[in-house]
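Student: The following file, final_29.txt, comprises compact mmCIF, N, CA and C atoms and all ligand atoms:
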# COMPACT_ATOMS: atom_id res chain seq x y z
N MET A 4 22.56 -175.81 99.67
CA MET A 4 21.30 -175.42 100.28
C MET A 4 20.55 -174.46 99.36
N ASN A 5 19.26 -174.61 99.30
CA ASN A 5 18.46 -173.73 98.44
C ASN A 5 17.71 -172.70 99.28
N PHE A 6 17.96 -171.46 98.99
CA PHE A 6 17.29 -170.38 99.70
C PHE A 6 16.27 -169.73 98.77
N PRO A 7 15.19 -169.17 99.35
CA PRO A 7 14.12 -168.59 98.51
C PRO A 7 14.65 -167.52 97.55
N ILE A 8 15.61 -166.73 98.00
CA ILE A 8 16.12 -165.65 97.15
C ILE A 8 17.46 -166.06 96.56
N GLN A 9 17.54 -166.13 95.24
CA GLN A 9 18.75 -166.54 94.54
C GLN A 9 19.16 -165.43 93.57
N LYS A 10 20.43 -165.03 93.62
CA LYS A 10 20.95 -164.04 92.68
C LYS A 10 22.36 -164.44 92.29
N THR A 11 22.82 -163.93 91.17
CA THR A 11 24.20 -164.18 90.78
C THR A 11 25.12 -163.23 91.55
N GLU A 12 26.40 -163.55 91.53
CA GLU A 12 27.40 -162.70 92.18
C GLU A 12 27.31 -161.25 91.67
N ALA A 13 27.18 -161.09 90.35
CA ALA A 13 27.11 -159.75 89.77
C ALA A 13 25.86 -159.00 90.24
N GLU A 14 24.77 -159.73 90.36
CA GLU A 14 23.53 -159.11 90.83
C GLU A 14 23.64 -158.65 92.27
N TRP A 15 24.27 -159.50 93.12
CA TRP A 15 24.46 -159.09 94.52
C TRP A 15 25.38 -157.87 94.60
N GLN A 16 26.43 -157.89 93.79
CA GLN A 16 27.36 -156.77 93.82
C GLN A 16 26.67 -155.46 93.46
N ALA A 17 25.85 -155.50 92.41
CA ALA A 17 25.13 -154.30 91.97
C ALA A 17 24.15 -153.85 93.05
N LEU A 18 23.47 -154.81 93.66
CA LEU A 18 22.49 -154.49 94.69
C LEU A 18 23.16 -153.85 95.91
N LEU A 19 24.29 -154.42 96.34
CA LEU A 19 24.99 -153.89 97.51
C LEU A 19 25.55 -152.50 97.24
N GLN A 20 26.06 -152.31 96.03
CA GLN A 20 26.57 -150.98 95.67
C GLN A 20 25.45 -149.96 95.68
N ALA A 21 24.30 -150.35 95.13
CA ALA A 21 23.16 -149.43 95.06
C ALA A 21 22.67 -149.05 96.45
N LYS A 22 22.83 -149.98 97.42
CA LYS A 22 22.40 -149.73 98.80
C LYS A 22 23.42 -148.92 99.59
N GLY A 23 24.61 -148.73 99.03
CA GLY A 23 25.66 -148.05 99.77
C GLY A 23 26.25 -148.92 100.87
N ALA A 24 26.27 -150.24 100.66
CA ALA A 24 26.83 -151.16 101.66
C ALA A 24 28.32 -150.92 101.81
N GLU A 25 28.87 -151.41 102.92
CA GLU A 25 30.31 -151.28 103.15
C GLU A 25 31.07 -152.03 102.06
N PRO A 26 32.30 -151.58 101.75
CA PRO A 26 33.06 -152.22 100.66
C PRO A 26 33.25 -153.72 100.85
N GLY A 27 33.34 -154.17 102.11
CA GLY A 27 33.56 -155.59 102.36
C GLY A 27 32.31 -156.43 102.35
N ALA A 28 31.17 -155.81 102.11
CA ALA A 28 29.90 -156.54 102.28
C ALA A 28 29.77 -157.75 101.37
N LEU A 29 30.22 -157.63 100.13
CA LEU A 29 30.10 -158.76 99.20
C LEU A 29 30.97 -159.93 99.66
N GLN A 30 32.21 -159.63 100.06
CA GLN A 30 33.11 -160.69 100.52
C GLN A 30 32.57 -161.38 101.77
N VAL A 31 32.01 -160.59 102.68
CA VAL A 31 31.47 -161.16 103.91
C VAL A 31 30.25 -162.02 103.62
N THR A 32 29.26 -161.46 102.92
CA THR A 32 27.99 -162.16 102.78
C THR A 32 28.03 -163.29 101.78
N ARG A 33 28.84 -163.17 100.73
CA ARG A 33 28.82 -164.19 99.68
C ARG A 33 30.03 -165.11 99.71
N HIS A 34 31.08 -164.73 100.47
CA HIS A 34 32.28 -165.58 100.52
C HIS A 34 32.73 -165.85 101.95
N ALA A 35 31.84 -165.57 102.92
CA ALA A 35 32.08 -165.90 104.32
C ALA A 35 33.36 -165.29 104.87
N ALA A 36 33.72 -164.11 104.37
CA ALA A 36 34.86 -163.40 104.96
C ALA A 36 34.45 -162.84 106.31
N THR A 37 35.44 -162.48 107.11
CA THR A 37 35.18 -161.86 108.41
C THR A 37 35.83 -160.50 108.44
N GLU A 38 35.04 -159.48 108.78
CA GLU A 38 35.63 -158.14 108.86
C GLU A 38 36.56 -158.07 110.07
N ARG A 39 37.50 -157.14 110.04
CA ARG A 39 38.41 -157.00 111.17
C ARG A 39 37.63 -156.51 112.40
N PRO A 40 37.97 -157.04 113.60
CA PRO A 40 37.23 -156.63 114.79
C PRO A 40 37.40 -155.14 115.06
N PHE A 41 36.41 -154.57 115.71
CA PHE A 41 36.39 -153.15 116.11
C PHE A 41 36.40 -152.19 114.91
N THR A 42 36.08 -152.68 113.72
CA THR A 42 36.04 -151.80 112.56
C THR A 42 34.62 -151.59 112.05
N GLY A 43 33.67 -152.44 112.45
CA GLY A 43 32.32 -152.38 111.90
C GLY A 43 31.54 -151.20 112.45
N LYS A 44 30.68 -150.64 111.60
CA LYS A 44 29.96 -149.43 112.02
C LYS A 44 28.92 -149.71 113.09
N TYR A 45 28.51 -150.98 113.28
CA TYR A 45 27.49 -151.27 114.27
C TYR A 45 28.06 -151.85 115.57
N ASN A 46 29.38 -151.98 115.65
CA ASN A 46 29.96 -152.60 116.84
C ASN A 46 29.53 -151.87 118.11
N GLN A 47 29.59 -150.55 118.09
CA GLN A 47 29.23 -149.78 119.29
C GLN A 47 27.98 -148.94 119.06
N GLN A 48 27.05 -149.47 118.33
CA GLN A 48 25.78 -148.75 118.15
C GLN A 48 24.72 -149.33 119.09
N TRP A 49 24.05 -148.45 119.84
CA TRP A 49 23.09 -148.91 120.85
C TRP A 49 21.72 -148.28 120.68
N THR A 50 21.45 -147.72 119.51
CA THR A 50 20.16 -147.11 119.24
C THR A 50 19.08 -148.19 119.13
N ASP A 51 17.85 -147.83 119.51
CA ASP A 51 16.71 -148.73 119.38
C ASP A 51 16.37 -148.94 117.91
N GLY A 52 16.04 -150.16 117.54
CA GLY A 52 15.67 -150.40 116.16
C GLY A 52 15.82 -151.86 115.82
N SER A 53 16.00 -152.14 114.53
CA SER A 53 16.12 -153.53 114.10
C SER A 53 17.25 -153.67 113.08
N TYR A 54 17.83 -154.85 113.07
CA TYR A 54 18.94 -155.14 112.17
C TYR A 54 18.46 -156.11 111.09
N HIS A 55 18.77 -155.75 109.85
CA HIS A 55 18.29 -156.51 108.69
C HIS A 55 19.47 -157.08 107.91
N CYS A 56 19.17 -158.10 107.10
CA CYS A 56 20.16 -158.64 106.18
C CYS A 56 20.48 -157.57 105.13
N ILE A 57 21.77 -157.27 104.95
CA ILE A 57 22.15 -156.23 103.99
C ILE A 57 21.78 -156.66 102.56
N CYS A 58 21.71 -157.95 102.32
CA CYS A 58 21.43 -158.43 100.96
C CYS A 58 19.95 -158.39 100.60
N CYS A 59 19.09 -158.96 101.47
CA CYS A 59 17.69 -159.09 101.07
C CYS A 59 16.74 -158.30 101.94
N GLY A 60 17.23 -157.71 103.04
CA GLY A 60 16.37 -156.86 103.87
C GLY A 60 15.58 -157.62 104.93
N ALA A 61 15.73 -158.93 105.02
CA ALA A 61 15.00 -159.70 106.03
C ALA A 61 15.40 -159.20 107.42
N THR A 62 14.43 -159.10 108.33
CA THR A 62 14.73 -158.67 109.70
C THR A 62 15.35 -159.83 110.47
N LEU A 63 16.51 -159.59 111.10
CA LEU A 63 17.26 -160.65 111.76
C LEU A 63 17.26 -160.51 113.28
N PHE A 64 17.49 -159.28 113.75
CA PHE A 64 17.65 -159.06 115.20
C PHE A 64 16.93 -157.78 115.62
N SER A 65 16.45 -157.78 116.85
CA SER A 65 16.00 -156.55 117.49
C SER A 65 17.18 -155.95 118.25
N ALA A 66 17.25 -154.62 118.28
CA ALA A 66 18.33 -153.96 119.02
C ALA A 66 18.27 -154.29 120.51
N HIS A 67 17.11 -154.73 120.99
CA HIS A 67 16.96 -155.08 122.41
C HIS A 67 17.84 -156.27 122.79
N THR A 68 18.20 -157.09 121.83
CA THR A 68 18.97 -158.29 122.15
C THR A 68 20.47 -158.08 121.89
N LYS A 69 20.85 -156.85 121.53
CA LYS A 69 22.27 -156.56 121.27
C LYS A 69 22.98 -156.31 122.59
N PHE A 70 24.16 -156.84 122.72
CA PHE A 70 24.94 -156.61 123.95
C PHE A 70 26.42 -156.47 123.60
N ASP A 71 27.16 -155.90 124.55
CA ASP A 71 28.59 -155.67 124.30
C ASP A 71 29.38 -156.88 124.77
N ALA A 72 29.81 -157.71 123.82
CA ALA A 72 30.56 -158.91 124.16
C ALA A 72 32.05 -158.60 124.27
N GLY A 73 32.45 -157.40 123.88
CA GLY A 73 33.85 -157.02 123.96
C GLY A 73 34.73 -157.68 122.92
N CYS A 74 34.12 -158.35 121.96
CA CYS A 74 34.89 -159.11 120.99
C CYS A 74 35.20 -158.30 119.73
N GLY A 75 34.55 -157.14 119.60
CA GLY A 75 34.82 -156.28 118.45
C GLY A 75 33.86 -156.44 117.30
N TRP A 76 32.88 -157.33 117.48
CA TRP A 76 31.82 -157.48 116.48
C TRP A 76 30.46 -157.27 117.15
N PRO A 77 29.48 -156.78 116.38
CA PRO A 77 28.15 -156.66 116.95
C PRO A 77 27.65 -158.03 117.41
N SER A 78 27.14 -158.09 118.65
CA SER A 78 26.75 -159.37 119.23
C SER A 78 25.31 -159.30 119.72
N PHE A 79 24.60 -160.39 119.51
CA PHE A 79 23.19 -160.46 119.88
C PHE A 79 22.96 -161.75 120.64
N SER A 80 22.00 -161.72 121.60
CA SER A 80 21.72 -162.93 122.39
C SER A 80 20.60 -163.75 121.79
N GLN A 81 19.88 -163.18 120.80
CA GLN A 81 18.74 -163.90 120.25
C GLN A 81 18.44 -163.40 118.84
N ALA A 82 18.14 -164.32 117.94
CA ALA A 82 17.72 -163.95 116.60
C ALA A 82 16.20 -164.03 116.51
N LEU A 83 15.61 -163.34 115.55
CA LEU A 83 14.17 -163.45 115.36
C LEU A 83 13.86 -164.87 114.86
N PRO A 84 12.73 -165.44 115.30
CA PRO A 84 12.41 -166.83 114.95
C PRO A 84 12.47 -167.09 113.44
N GLY A 85 13.23 -168.08 113.06
CA GLY A 85 13.29 -168.49 111.66
C GLY A 85 14.15 -167.62 110.76
N ALA A 86 14.69 -166.52 111.30
CA ALA A 86 15.41 -165.57 110.46
C ALA A 86 16.77 -166.11 110.01
N ILE A 87 17.34 -166.97 110.85
CA ILE A 87 18.71 -167.41 110.63
C ILE A 87 18.78 -168.93 110.52
N THR A 88 19.58 -169.40 109.58
CA THR A 88 19.81 -170.83 109.41
C THR A 88 21.23 -171.14 109.88
N GLU A 89 21.37 -172.21 110.66
CA GLU A 89 22.69 -172.57 111.18
C GLU A 89 23.32 -173.66 110.32
N VAL A 90 24.62 -173.52 110.07
CA VAL A 90 25.36 -174.45 109.23
C VAL A 90 26.64 -174.83 109.95
N MET A 91 26.97 -176.12 109.99
CA MET A 91 28.23 -176.51 110.63
C MET A 91 29.40 -176.04 109.78
N ASP A 92 30.38 -175.43 110.43
CA ASP A 92 31.53 -174.86 109.74
C ASP A 92 32.80 -175.52 110.29
N HIS A 93 33.51 -176.25 109.42
CA HIS A 93 34.71 -176.97 109.86
C HIS A 93 35.99 -176.26 109.45
N SER A 94 35.89 -175.00 109.03
CA SER A 94 37.08 -174.28 108.60
C SER A 94 37.93 -173.89 109.81
N LEU A 95 39.15 -173.49 109.58
CA LEU A 95 40.09 -173.07 110.62
C LEU A 95 40.39 -174.19 111.62
N GLY A 96 40.15 -175.44 111.22
CA GLY A 96 40.55 -176.57 112.05
C GLY A 96 39.73 -176.78 113.30
N ARG A 97 38.56 -176.14 113.37
CA ARG A 97 37.69 -176.39 114.52
C ARG A 97 36.26 -176.33 114.05
N VAL A 98 35.35 -176.76 114.91
CA VAL A 98 33.95 -176.79 114.53
C VAL A 98 33.25 -175.56 115.11
N ARG A 99 32.69 -174.79 114.22
CA ARG A 99 31.90 -173.64 114.65
C ARG A 99 30.54 -173.72 113.97
N VAL A 100 29.59 -172.94 114.46
CA VAL A 100 28.28 -172.90 113.84
C VAL A 100 28.15 -171.59 113.09
N GLU A 101 28.13 -171.71 111.77
CA GLU A 101 27.97 -170.55 110.92
C GLU A 101 26.49 -170.14 110.89
N THR A 102 26.24 -168.85 110.78
CA THR A 102 24.87 -168.38 110.65
C THR A 102 24.69 -167.70 109.30
N VAL A 103 23.64 -168.09 108.61
CA VAL A 103 23.32 -167.49 107.31
C VAL A 103 21.87 -167.03 107.32
N CYS A 104 21.58 -166.05 106.48
CA CYS A 104 20.22 -165.54 106.33
C CYS A 104 19.33 -166.64 105.74
N SER A 105 18.18 -166.91 106.38
CA SER A 105 17.29 -167.98 105.90
C SER A 105 16.66 -167.65 104.55
N GLN A 106 16.61 -166.37 104.22
CA GLN A 106 15.97 -165.98 102.96
C GLN A 106 16.92 -166.05 101.77
N CYS A 107 18.16 -165.57 101.95
CA CYS A 107 19.04 -165.45 100.79
C CYS A 107 20.38 -166.16 100.96
N GLY A 108 20.60 -166.76 102.14
CA GLY A 108 21.83 -167.51 102.34
C GLY A 108 23.06 -166.66 102.61
N ALA A 109 22.88 -165.36 102.85
CA ALA A 109 24.03 -164.50 103.12
C ALA A 109 24.75 -164.95 104.39
N HIS A 110 26.09 -165.03 104.33
CA HIS A 110 26.87 -165.30 105.53
C HIS A 110 26.78 -164.10 106.45
N LEU A 111 26.47 -164.35 107.73
CA LEU A 111 26.32 -163.25 108.69
C LEU A 111 27.41 -163.26 109.73
N GLY A 112 27.79 -164.46 110.18
CA GLY A 112 28.78 -164.60 111.24
C GLY A 112 28.67 -165.99 111.83
N HIS A 113 28.93 -166.11 113.13
CA HIS A 113 28.84 -167.40 113.81
C HIS A 113 28.04 -167.23 115.10
N VAL A 114 27.54 -168.35 115.62
CA VAL A 114 26.87 -168.31 116.92
C VAL A 114 27.64 -169.21 117.89
N PHE A 115 27.87 -168.68 119.09
CA PHE A 115 28.63 -169.39 120.13
C PHE A 115 27.75 -169.53 121.37
N GLU A 116 28.10 -170.55 122.19
CA GLU A 116 27.27 -170.82 123.37
C GLU A 116 27.88 -170.21 124.62
N ASP A 117 28.34 -168.97 124.51
CA ASP A 117 28.90 -168.30 125.69
C ASP A 117 28.26 -166.93 125.89
N GLY A 118 27.00 -166.82 125.49
CA GLY A 118 26.29 -165.55 125.62
C GLY A 118 25.58 -165.42 126.95
N PRO A 119 24.93 -164.28 127.16
CA PRO A 119 24.24 -164.02 128.43
C PRO A 119 22.92 -164.80 128.55
N ALA A 120 22.42 -164.94 129.77
CA ALA A 120 21.11 -165.52 130.02
C ALA A 120 20.04 -164.61 129.41
N PRO A 121 18.87 -165.10 129.03
CA PRO A 121 18.43 -166.49 129.24
C PRO A 121 18.80 -167.43 128.08
N THR A 122 19.28 -166.93 126.96
CA THR A 122 19.52 -167.83 125.83
C THR A 122 20.86 -168.53 125.94
N GLY A 123 21.87 -167.84 126.55
CA GLY A 123 23.22 -168.39 126.59
C GLY A 123 23.91 -168.36 125.25
N LEU A 124 23.32 -167.63 124.30
CA LEU A 124 23.87 -167.60 122.95
C LEU A 124 24.53 -166.24 122.66
N ARG A 125 25.54 -166.30 121.82
CA ARG A 125 26.18 -165.07 121.34
C ARG A 125 26.27 -165.13 119.83
N TYR A 126 25.38 -164.40 119.17
CA TYR A 126 25.44 -164.28 117.72
C TYR A 126 26.48 -163.22 117.40
N CYS A 127 27.62 -163.66 116.89
CA CYS A 127 28.75 -162.78 116.61
C CYS A 127 28.69 -162.42 115.12
N MET A 128 28.26 -161.20 114.83
CA MET A 128 27.90 -160.83 113.47
C MET A 128 28.91 -159.87 112.84
N ASN A 129 28.94 -159.84 111.54
CA ASN A 129 29.72 -158.83 110.82
C ASN A 129 28.83 -157.62 110.57
N SER A 130 29.33 -156.43 110.94
CA SER A 130 28.58 -155.20 110.65
C SER A 130 28.23 -155.12 109.18
N ALA A 131 29.16 -155.53 108.34
CA ALA A 131 29.00 -155.37 106.89
C ALA A 131 27.84 -156.20 106.35
N ALA A 132 27.40 -157.22 107.12
CA ALA A 132 26.30 -158.06 106.66
C ALA A 132 24.95 -157.51 107.13
N LEU A 133 24.99 -156.44 107.93
CA LEU A 133 23.76 -155.93 108.55
C LEU A 133 23.38 -154.57 108.02
N ASP A 134 22.10 -154.28 108.12
CA ASP A 134 21.56 -152.97 107.74
C ASP A 134 20.62 -152.56 108.87
N PHE A 135 20.93 -151.45 109.54
CA PHE A 135 20.17 -151.03 110.72
C PHE A 135 19.05 -150.06 110.35
N THR A 136 17.89 -150.28 110.94
CA THR A 136 16.79 -149.33 110.80
C THR A 136 16.40 -148.84 112.19
N SER A 137 16.50 -147.54 112.40
CA SER A 137 16.17 -146.95 113.70
C SER A 137 14.67 -146.94 113.89
N SER A 138 14.24 -147.22 115.14
CA SER A 138 12.80 -147.16 115.43
C SER A 138 12.42 -145.79 115.94
N GLN A 139 13.41 -144.89 116.05
CA GLN A 139 13.12 -143.54 116.51
C GLN A 139 12.78 -142.63 115.33
N PRO A 140 11.84 -141.74 115.52
CA PRO A 140 11.40 -140.89 114.41
C PRO A 140 12.49 -139.95 113.91
ZN ZN B 1 19.23 -162.15 103.37
Any chance you could put this one into structure tokens?
Ligand SMILES: [Zn+2]

Tutor:
Amino acid sequence: MNFPIQKTEAEWQALLQAKGAEPGALQVTRHAATERPFTGKYNQQWTDGSYHCICCGATLFSAHTKFDAGCGWPSFSQALPGAITEVMDHSLGRVRVETVCSQCGAHLGHVFEDGPAPTGLRYCMNSAALDFTSSQP
């Protein structure tokens, strides 16, 4: 798949380091790793604001759509229109829907159809793939 923003592995690594991203951010976003549950810095964050792609800064979610799914990863019921591209994932012997950033292709997590109304969706994200901006002064 071709995404508008293309960088080499070394360039992403340098960019993530410069941003002060979590140590696992490169493995998560560029190699589809999954952080351990209940370890991410945004799992229990409920401040008003917006969540961005740690790699390219694209806005992905509003904090208004974040909910506690109890699964140990930050979960959202809705993504911003066009922000996320869905990819079929056949790893681990089952079919899941992987979610990647539409701008740079960063792996973010998966989306499941067991979320709350009205969307019924649960975007199960890795904290390490996200960058939070508070809307409070
Ligand atoms: Zn991105």

Student: Compare A:Glu12, A:Leu83, A:Ile57, A:Asn46 by their minimum atom-to-atom distance to Phe70 (chain A), counting all atoms listed in the file, and give me the closest one.

Tutor: A:Asn46

Student: Need to verify the contact set: region 111-126 of chain A, 6 Å, all atoms listed in the file, exclusion of same-chain residues closer than 6 positions in sequence. Can you return it as a VMD selection string?

Tutor: chain A and resid 32 77 to 81 100 to 104 132

Student: Next, the residues of the selection above should be written as a CSV table (one decimal), in the frame of the given file with N, CA and C atoms.

Tutor:
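File produced: out-v9.csv:
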chain,number,residue,atom,x,y,z
A,32,THR,N,29.3,-161.5,102.9
A,32,THR,CA,28.0,-162.2,102.8
A,32,THR,C,28.0,-163.3,101.8
A,77,PRO,N,29.5,-156.8,116.4
A,77,PRO,CA,28.2,-156.7,117.0
A,77,PRO,C,27.6,-158.0,117.4
A,78,SER,N,27.1,-158.1,118.6
A,78,SER,CA,26.8,-159.4,119.2
A,78,SER,C,25.3,-159.3,119.7
A,79,PHE,N,24.6,-160.4,119.5
A,79,PHE,CA,23.2,-160.5,119.9
A,79,PHE,C,23.0,-161.8,120.6
A,80,SER,N,22.0,-161.7,121.6
A,80,SER,CA,21.7,-162.9,122.4
A,80,SER,C,20.6,-163.8,121.8
A,81,GLN,N,19.9,-163.2,120.8
A,81,GLN,CA,18.7,-163.9,120.2
A,81,GLN,C,18.4,-163.4,118.8
A,100,VAL,N,29.6,-172.9,114.5
A,100,VAL,CA,28.3,-172.9,113.8
A,100,VAL,C,28.2,-171.6,113.1
A,101,GLU,N,28.1,-171.7,111.8
A,101,GLU,CA,28.0,-170.6,110.9
A,101,GLU,C,26.5,-170.1,110.9
A,102,THR,N,26.2,-168.8,110.8
A,102,THR,CA,24.9,-168.4,110.6
A,102,THR,C,24.7,-167.7,109.3
A,103,VAL,N,23.6,-168.1,108.6
A,103,VAL,CA,23.3,-167.5,107.3
A,103,VAL,C,21.9,-167.0,107.3
A,104,CYS,N,21.6,-166.0,106.5
A,104,CYS,CA,20.2,-165.5,106.3
A,104,CYS,C,19.3,-166.6,105.7
A,132,ALA,N,27.4,-157.2,107.1
A,132,ALA,CA,26.3,-158.1,106.7
A,132,ALA,C,25.0,-157.5,107.1

Student: How close does each residue of chain A get to ligand ZN 1 (chain B), giving the shortest atom pair and distance in Å to one decimal for every residue with an atom at most 7 Å away, counting only C-alpha atoms and all ligand atoms, sorted by chain and residue number, as CSV?

Tutor:
residue,atom,partner,partner_atom,distance
A:Cys56,CA,B:ZN1,ZN,4.6
A:Ile57,CA,B:ZN1,ZN,6.6
A:Cys58,CA,B:ZN1,ZN,4.9
A:Cys59,CA,B:ZN1,ZN,4.1
A:Gly60,CA,B:ZN1,ZN,6.0
A:Ala61,CA,B:ZN1,ZN,5.6
A:Cys104,CA,B:ZN1,ZN,4.6
A:Ser105,CA,B:ZN1,ZN,6.6
A:Gln106,CA,B:ZN1,ZN,5.0
A:Cys107,CA,B:ZN1,ZN,4.2
A:Gly108,CA,B:ZN1,ZN,6.0
A:Ala109,CA,B:ZN1,ZN,5.4

Student: Which residue out of A:Gln20, A:Gln9, A:Ser53, A:Thr62 has the minimum interatomic distance to Phe135 (chain A) when only N, CA and C atoms are used?

Tutor: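 Of A:Gln20, A:Gln9, A:Ser53, A:Thr62, the one nearest Phe135 (chain A), counting only N, CA and C atoms, is A:Ser53.
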
Student: Using all atoms listed in the file, collect all residues at a distance of at most 8 Å from (34.3, -153.5, 106.1) as written in the file, then present them as a PyMOL selection string.

Tutor: chain A and resi 24-28+37-39+42-44+130-132

Student: Taking all atoms listed in the file into account, name the residue in A:Cys74, A:Leu63, A:Cys127, A:Leu19 that is nearest to Phe41 (chain A).

Tutor: A:Cys74

Student: What is the distance, in Å and to one decimal place, between atom N of Thr136 (chain A) and atom N of Lys22 (chain A)?

Tutor: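 The value is 14.4 Å.
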
Student: For CA of Phe64 (chain A) and CA of Ala86 (chain A), quote the distance in Å rounded to one decimal.

Tutor: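 So the two atoms, CA of Phe64 (chain A) and CA of Ala86 (chain A), lie 8.4 Å apart.
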
Student: Report the distance between CA of Ala82 (chain A) and CA of Asn129 (chain A) in Å, rounded to one decimal place.

Tutor: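 The value is 14.3 Å.
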
Student: Point out the residue among A:Ala66, A:Ala35, A:Ala72, A:Leu133 with the least atom-to-atom distance to Ser94 (chain A), counting only C-alpha atoms.

Tutor: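 When distances to Ser94 (chain A) are compared using only C-alpha atoms, the smallest one comes from A:Ala35.
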
Student: Write out as a PyMOL selection string all residues of region 45-125 of chain A that backbone DSSP assigns to helix (DSSP H, G or I).

Tutor: chain A and resi 66-68+94-96

Student: Just list the residues in region 99-137 of chain A DSSP gives strand (DSSP E) on the backbone, as a count of residues only.

Tutor: 21

Student: Need a file for region 14-66 of chain A from that block: C-alpha atoms, written as an mmCIF file, in the first residue's frame.

Tutor:
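Written output follows (result_36.cif):
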data_model
loop_
_atom_site.group_PDB
_atom_site.id
_atom_site.type_symbol
_atom_site.label_atom_id
_atom_site.label_comp_id
_atom_site.auth_asym_id
_atom_site.auth_seq_id
_atom_site.Cartn_x
_atom_site.Cartn_y
_atom_site.Cartn_z
ATOM 1 C CA GLU A 14 14.239 8.162 9.537
ATOM 2 C CA TRP A 15 11.255 6.978 11.591
ATOM 3 C CA GLN A 16 13.554 5.922 14.399
ATOM 4 C CA ALA A 17 15.237 9.333 14.497
ATOM 5 C CA LEU A 18 11.886 11.117 14.341
ATOM 6 C CA LEU A 19 10.379 9.052 17.173
ATOM 7 C CA GLN A 20 13.441 9.543 19.347
ATOM 8 C CA ALA A 21 13.355 13.294 18.738
ATOM 9 C CA LYS A 22 9.677 13.333 19.796
ATOM 10 C CA GLY A 23 10.401 11.441 23.003
ATOM 11 C CA ALA A 24 8.129 8.560 21.941
ATOM 12 C CA GLU A 25 7.900 5.441 24.084
ATOM 13 C CA PRO A 26 10.731 2.923 23.515
ATOM 14 C CA GLY A 27 8.331 0.468 21.866
ATOM 15 C CA ALA A 28 6.904 2.998 19.434
ATOM 16 C CA LEU A 29 9.027 1.958 16.456
ATOM 17 C CA GLN A 30 8.241 -1.742 16.896
ATOM 18 C CA VAL A 31 4.526 -1.022 17.265
ATOM 19 C CA THR A 32 4.082 1.440 14.421
ATOM 20 C CA ARG A 33 6.493 -0.011 11.868
ATOM 21 C CA HIS A 34 6.440 -3.732 12.722
ATOM 22 C CA ALA A 35 2.882 -4.175 14.043
ATOM 23 C CA ALA A 36 4.006 -5.179 17.528
ATOM 24 C CA THR A 37 1.508 -4.989 20.371
ATOM 25 C CA GLU A 38 2.409 -3.378 23.666
ATOM 26 C CA ARG A 39 1.613 -5.318 26.824
ATOM 27 C CA PRO A 40 -1.886 -4.545 28.161
ATOM 28 C CA PHE A 41 -2.254 -2.089 31.054
ATOM 29 C CA THR A 42 1.219 -0.656 30.390
ATOM 30 C CA GLY A 43 0.411 2.178 27.970
ATOM 31 C CA LYS A 44 0.448 5.737 29.233
ATOM 32 C CA TYR A 45 -2.943 6.522 27.677
ATOM 33 C CA ASN A 46 -4.842 3.462 28.888
ATOM 34 C CA GLN A 47 -6.381 5.334 31.814
ATOM 35 C CA GLN A 48 -6.183 8.880 30.548
ATOM 36 C CA TRP A 49 -9.518 10.715 30.385
ATOM 37 C CA THR A 50 -8.484 14.320 29.748
ATOM 38 C CA ASP A 51 -10.235 16.269 26.989
ATOM 39 C CA GLY A 52 -8.221 16.589 23.811
ATOM 40 C CA SER A 53 -7.213 14.729 20.686
ATOM 41 C CA TYR A 54 -5.069 11.725 19.866
ATOM 42 C CA HIS A 55 -2.606 11.904 16.988
ATOM 43 C CA CYS A 56 -0.418 9.477 15.082
ATOM 44 C CA ILE A 57 2.940 9.393 16.900
ATOM 45 C CA CYS A 58 4.719 9.126 13.539
ATOM 46 C CA CYS A 59 3.195 11.853 11.374
ATOM 47 C CA GLY A 60 0.958 13.847 13.737
ATOM 48 C CA ALA A 61 -2.299 13.186 11.862
ATOM 49 C CA THR A 62 -5.344 13.561 14.139
ATOM 50 C CA LEU A 63 -6.971 10.146 14.646
ATOM 51 C CA PHE A 64 -9.411 10.307 17.564
ATOM 52 C CA SER A 65 -11.216 12.792 19.770
ATOM 53 C CA ALA A 66 -11.017 12.104 23.508
#
